[in-house]
Amino acid sequence: MKKILFAILAMSSTSLFAQKKADDLAKLNVQTYDLGKVKQGVPATATFVVTNIGKESLLIEQANPTCGCTVSDYTKSEIAPGKTGYIKATYNAANLGHIDKTLTVKFAGADDIKSIKLTGDVLEPAAYDTWASTNKTSTDGKTTLKVKDDKVKTETKTATGTSKVKTKKGKRLVEKSVVKK
């Protein structure tokens, strides 16, 4: 009888002190943010959106980069349930090559640490300028501009899923709408 009582007591005490995981409290819009092509010496910033999926206010205690080449900023105030905050990470882009950087995030009330990543490629300025002259995405994330030879193609995505495509060949402009289902 003592063994049964002890077993019940032990199981109930572990459920009283159940540990919360970061994934139970917060959801990030992405785990890995691709910075794409980055010009050497021009810092690139990624913004991770943090949504409070818990029933209590959420506090980001820390958001720390694992190297000195990245700095971070984050929402310092409590995030109400269902609301969002942010974690911004800025990579200095001093070194050429592939970017693969990690930030660790600690949420109040979570016993684990969440890892998020930055990826991309740092190009030397001349190589970046060449790449940018043939492939360019606007900062609004909705318009893509591609230039190849004398053809310019602009595609704008709308909220309804319609894409407006404009192609300019020399002085002639062709415009069409494409509905994506």
# chains A, B, ... in the order shown; residues from 1 in each chain; ligands from 1
call {"tool": "select_by_dssp", "arguments": {"residues": "segment 8-88 of chain A", "states": "strand (DSSP E)", "output": "PDB file with N, CA and C atoms, in the first residue's frame"}}
result
ATOM      1  N   ALA A  26       5.656  30.260 -27.347  1.00  0.00           N
ATOM      2  CA  ALA A  26       5.853  31.216 -28.435  1.00  0.00           C
ATOM      3  C   ALA A  26       6.025  30.497 -29.765  1.00  0.00           C
ATOM      4  N   LYS A  27       5.556  31.169 -30.816  1.00  0.00           N
ATOM      5  CA  LYS A  27       5.743  30.667 -32.175  1.00  0.00           C
ATOM      6  C   LYS A  27       6.447  31.758 -32.960  1.00  0.00           C
ATOM      7  N   LEU A  28       7.484  31.380 -33.687  1.00  0.00           N
ATOM      8  CA  LEU A  28       8.202  32.330 -34.530  1.00  0.00           C
ATOM      9  C   LEU A  28       7.764  32.152 -35.972  1.00  0.00           C
ATOM     10  N   THR A  32      14.594  29.876 -39.465  1.00  0.00           N
ATOM     11  CA  THR A  32      15.798  30.270 -40.189  1.00  0.00           C
ATOM     12  C   THR A  32      15.429  31.381 -41.155  1.00  0.00           C
ATOM     13  N   TYR A  33      16.117  32.501 -41.052  1.00  0.00           N
ATOM     14  CA  TYR A  33      15.863  33.653 -41.908  1.00  0.00           C
ATOM     15  C   TYR A  33      16.971  33.714 -42.954  1.00  0.00           C
ATOM     16  N   ASP A  34      16.595  33.632 -44.230  1.00  0.00           N
ATOM     17  CA  ASP A  34      17.558  33.692 -45.318  1.00  0.00           C
ATOM     18  C   ASP A  34      17.727  35.148 -45.748  1.00  0.00           C
ATOM     19  N   LEU A  35      18.896  35.686 -45.498  1.00  0.00           N
ATOM     20  CA  LEU A  35      19.193  37.065 -45.883  1.00  0.00           C
ATOM     21  C   LEU A  35      19.446  37.191 -47.383  1.00  0.00           C
ATOM     22  N   GLY A  36      19.621  36.063 -48.065  1.00  0.00           N
ATOM     23  CA  GLY A  36      19.882  36.083 -49.498  1.00  0.00           C
ATOM     24  C   GLY A  36      21.296  36.563 -49.777  1.00  0.00           C
ATOM     25  N   LYS A  37      21.460  37.305 -50.849  1.00  0.00           N
ATOM     26  CA  LYS A  37      22.768  37.867 -51.215  1.00  0.00           C
ATOM     27  C   LYS A  37      22.946  39.189 -50.480  1.00  0.00           C
ATOM     28  N   VAL A  38      24.101  39.348 -49.854  1.00  0.00           N
ATOM     29  CA  VAL A  38      24.395  40.533 -49.056  1.00  0.00           C
ATOM     30  C   VAL A  38      25.701  41.136 -49.564  1.00  0.00           C
ATOM     31  N   LYS A  39      25.719  42.458 -49.699  1.00  0.00           N
ATOM     32  CA  LYS A  39      26.925  43.157 -50.143  1.00  0.00           C
ATOM     33  C   LYS A  39      27.895  43.273 -48.972  1.00  0.00           C
ATOM     34  N   ALA A  44      23.123  43.578 -42.779  1.00  0.00           N
ATOM     35  CA  ALA A  44      21.813  43.049 -43.190  1.00  0.00           C
ATOM     36  C   ALA A  44      21.023  42.707 -41.938  1.00  0.00           C
ATOM     37  N   THR A  45      19.746  43.094 -41.912  1.00  0.00           N
ATOM     38  CA  THR A  45      18.906  42.882 -40.738  1.00  0.00           C
ATOM     39  C   THR A  45      17.765  41.929 -41.054  1.00  0.00           C
ATOM     40  N   ALA A  46      17.537  41.006 -40.127  1.00  0.00           N
ATOM     41  CA  ALA A  46      16.414  40.072 -40.204  1.00  0.00           C
ATOM     42  C   ALA A  46      15.500  40.351 -39.023  1.00  0.00           C
ATOM     43  N   THR A  47      14.191  40.301 -39.254  1.00  0.00           N
ATOM     44  CA  THR A  47      13.234  40.479 -38.165  1.00  0.00           C
ATOM     45  C   THR A  47      12.412  39.200 -38.032  1.00  0.00           C
ATOM     46  N   PHE A  48      12.516  38.581 -36.865  1.00  0.00           N
ATOM     47  CA  PHE A  48      11.731  37.399 -36.538  1.00  0.00           C
ATOM     48  C   PHE A  48      10.506  37.883 -35.764  1.00  0.00           C
ATOM     49  N   VAL A  49       9.330  37.444 -36.164  1.00  0.00           N
ATOM     50  CA  VAL A  49       8.091  37.820 -35.484  1.00  0.00           C
ATOM     51  C   VAL A  49       7.767  36.717 -34.471  1.00  0.00           C
ATOM     52  N   VAL A  50       7.572  37.123 -33.218  1.00  0.00           N
ATOM     53  CA  VAL A  50       7.277  36.194 -32.131  1.00  0.00           C
ATOM     54  C   VAL A  50       5.816  36.356 -31.741  1.00  0.00           C
ATOM     55  N   THR A  51       5.045  35.268 -31.822  1.00  0.00           N
ATOM     56  CA  THR A  51       3.639  35.291 -31.433  1.00  0.00           C
ATOM     57  C   THR A  51       3.476  34.545 -30.115  1.00  0.00           C
ATOM     58  N   ASN A  52       2.820  35.173 -29.157  1.00  0.00           N
ATOM     59  CA  ASN A  52       2.531  34.532 -27.878  1.00  0.00           C
ATOM     60  C   ASN A  52       1.367  33.568 -28.077  1.00  0.00           C
ATOM     61  N   ILE A  60      10.396  38.045 -23.480  1.00  0.00           N
ATOM     62  CA  ILE A  60      11.667  37.588 -24.038  1.00  0.00           C
ATOM     63  C   ILE A  60      12.742  38.066 -23.062  1.00  0.00           C
ATOM     64  N   GLU A  61      13.383  37.124 -22.379  1.00  0.00           N
ATOM     65  CA  GLU A  61      14.413  37.497 -21.403  1.00  0.00           C
ATOM     66  C   GLU A  61      15.730  37.842 -22.082  1.00  0.00           C
ATOM     67  N   GLN A  62      16.085  37.056 -23.109  1.00  0.00           N
ATOM     68  CA  GLN A  62      17.345  37.265 -23.805  1.00  0.00           C
ATOM     69  C   GLN A  62      17.207  36.827 -25.256  1.00  0.00           C
ATOM     70  N   ALA A  63      17.948  37.476 -26.117  1.00  0.00           N
ATOM     71  CA  ALA A  63      18.114  37.055 -27.514  1.00  0.00           C
ATOM     72  C   ALA A  63      19.568  37.354 -27.847  1.00  0.00           C
ATOM     73  N   ASN A  64      20.391  36.332 -27.736  1.00  0.00           N
ATOM     74  CA  ASN A  64      21.835  36.523 -27.839  1.00  0.00           C
ATOM     75  C   ASN A  64      22.433  35.866 -29.065  1.00  0.00           C
ATOM     76  N   PRO A  65      23.220  36.632 -29.839  1.00  0.00           N
ATOM     77  CA  PRO A  65      23.957  36.027 -30.940  1.00  0.00           C
ATOM     78  C   PRO A  65      25.111  35.196 -30.379  1.00  0.00           C
ATOM     79  N   THR A  70      27.204  39.652 -35.061  1.00  0.00           N
ATOM     80  CA  THR A  70      25.761  39.850 -35.120  1.00  0.00           C
ATOM     81  C   THR A  70      25.312  40.566 -33.844  1.00  0.00           C
ATOM     82  N   VAL A  71      24.448  41.543 -33.984  1.00  0.00           N
ATOM     83  CA  VAL A  71      23.854  42.203 -32.822  1.00  0.00           C
ATOM     84  C   VAL A  71      22.348  42.005 -32.879  1.00  0.00           C
ATOM     85  N   SER A  72      21.734  42.020 -31.708  1.00  0.00           N
ATOM     86  CA  SER A  72      20.294  41.780 -31.692  1.00  0.00           C
ATOM     87  C   SER A  72      19.563  42.816 -30.859  1.00  0.00           C
ATOM     88  N   ASP A  73      18.287  42.935 -31.148  1.00  0.00           N
ATOM     89  CA  ASP A  73      17.366  43.766 -30.387  1.00  0.00           C
ATOM     90  C   ASP A  73      16.072  42.979 -30.331  1.00  0.00           C
ATOM     91  N   TYR A  74      15.268  43.208 -29.317  1.00  0.00           N
ATOM     92  CA  TYR A  74      14.031  42.445 -29.196  1.00  0.00           C
ATOM     93  C   TYR A  74      13.030  43.214 -28.350  1.00  0.00           C
ATOM     94  N   THR A  84       1.941  39.917 -30.851  1.00  0.00           N
ATOM     95  CA  THR A  84       3.268  39.644 -31.381  1.00  0.00           C
ATOM     96  C   THR A  84       4.314  40.628 -30.870  1.00  0.00           C
ATOM     97  N   GLY A  85       5.541  40.158 -30.881  1.00  0.00           N
ATOM     98  CA  GLY A  85       6.718  40.961 -30.594  1.00  0.00           C
ATOM     99  C   GLY A  85       7.726  40.683 -31.696  1.00  0.00           C
ATOM    100  N   TYR A  86       8.979  41.057 -31.482  1.00  0.00           N
ATOM    101  CA  TYR A  86       9.982  40.862 -32.523  1.00  0.00           C
ATOM    102  C   TYR A  86      11.344  40.559 -31.930  1.00  0.00           C
ATOM    103  N   ILE A  87      12.170  39.953 -32.750  1.00  0.00           N
ATOM    104  CA  ILE A  87      13.600  39.806 -32.487  1.00  0.00           C
ATOM    105  C   ILE A  87      14.279  40.258 -33.774  1.00  0.00           C
ATOM    106  N   LYS A  88      15.121  41.285 -33.675  1.00  0.00           N
ATOM    107  CA  LYS A  88      15.867  41.768 -34.838  1.00  0.00           C
ATOM    108  C   LYS A  88      17.317  41.341 -34.683  1.00  0.00           C
TER     109      LYS A  88
END
call {"tool": "residues_around", "arguments": {"residues": "Cys67 of chain A", "least_positions_apart": "5", "cutoff": "12 Å", "atoms": "only C-alpha atoms", "output": "short mmCIF file (atom, residue, chain, number, x, y, z; two decimals) with C-alpha atoms, in the first residue's frame"}}
result
data_model
loop_
_atom_site.label_atom_id
_atom_site.label_comp_id
_atom_site.auth_asym_id
_atom_site.auth_seq_id
_atom_site.Cartn_x
_atom_site.Cartn_y
_atom_site.Cartn_z
CA SER A 72 20.29 41.78 -31.69
CA ALA A 89 19.27 40.42 -35.76
CA THR A 90 21.78 42.50 -37.71
CA TYR A 91 24.74 40.77 -39.34
CA ASN A 92 27.74 43.03 -40.06
CA ILE A 99 26.41 33.07 -43.54
CA ASP A 100 25.27 30.50 -40.98
CA LYS A 101 24.77 32.25 -37.64
CA THR A 102 22.75 31.22 -34.61
CA LEU A 103 20.98 33.28 -31.96
CA THR A 104 19.73 31.80 -28.71
CA LEU A 118 20.52 33.55 -40.12
#
call {"tool": "atom_distance", "arguments": {"atom1": "atom CA of Gly82 of chain A", "atom2": "atom CA of Leu59 of chain A"}}
result
13.1 Å
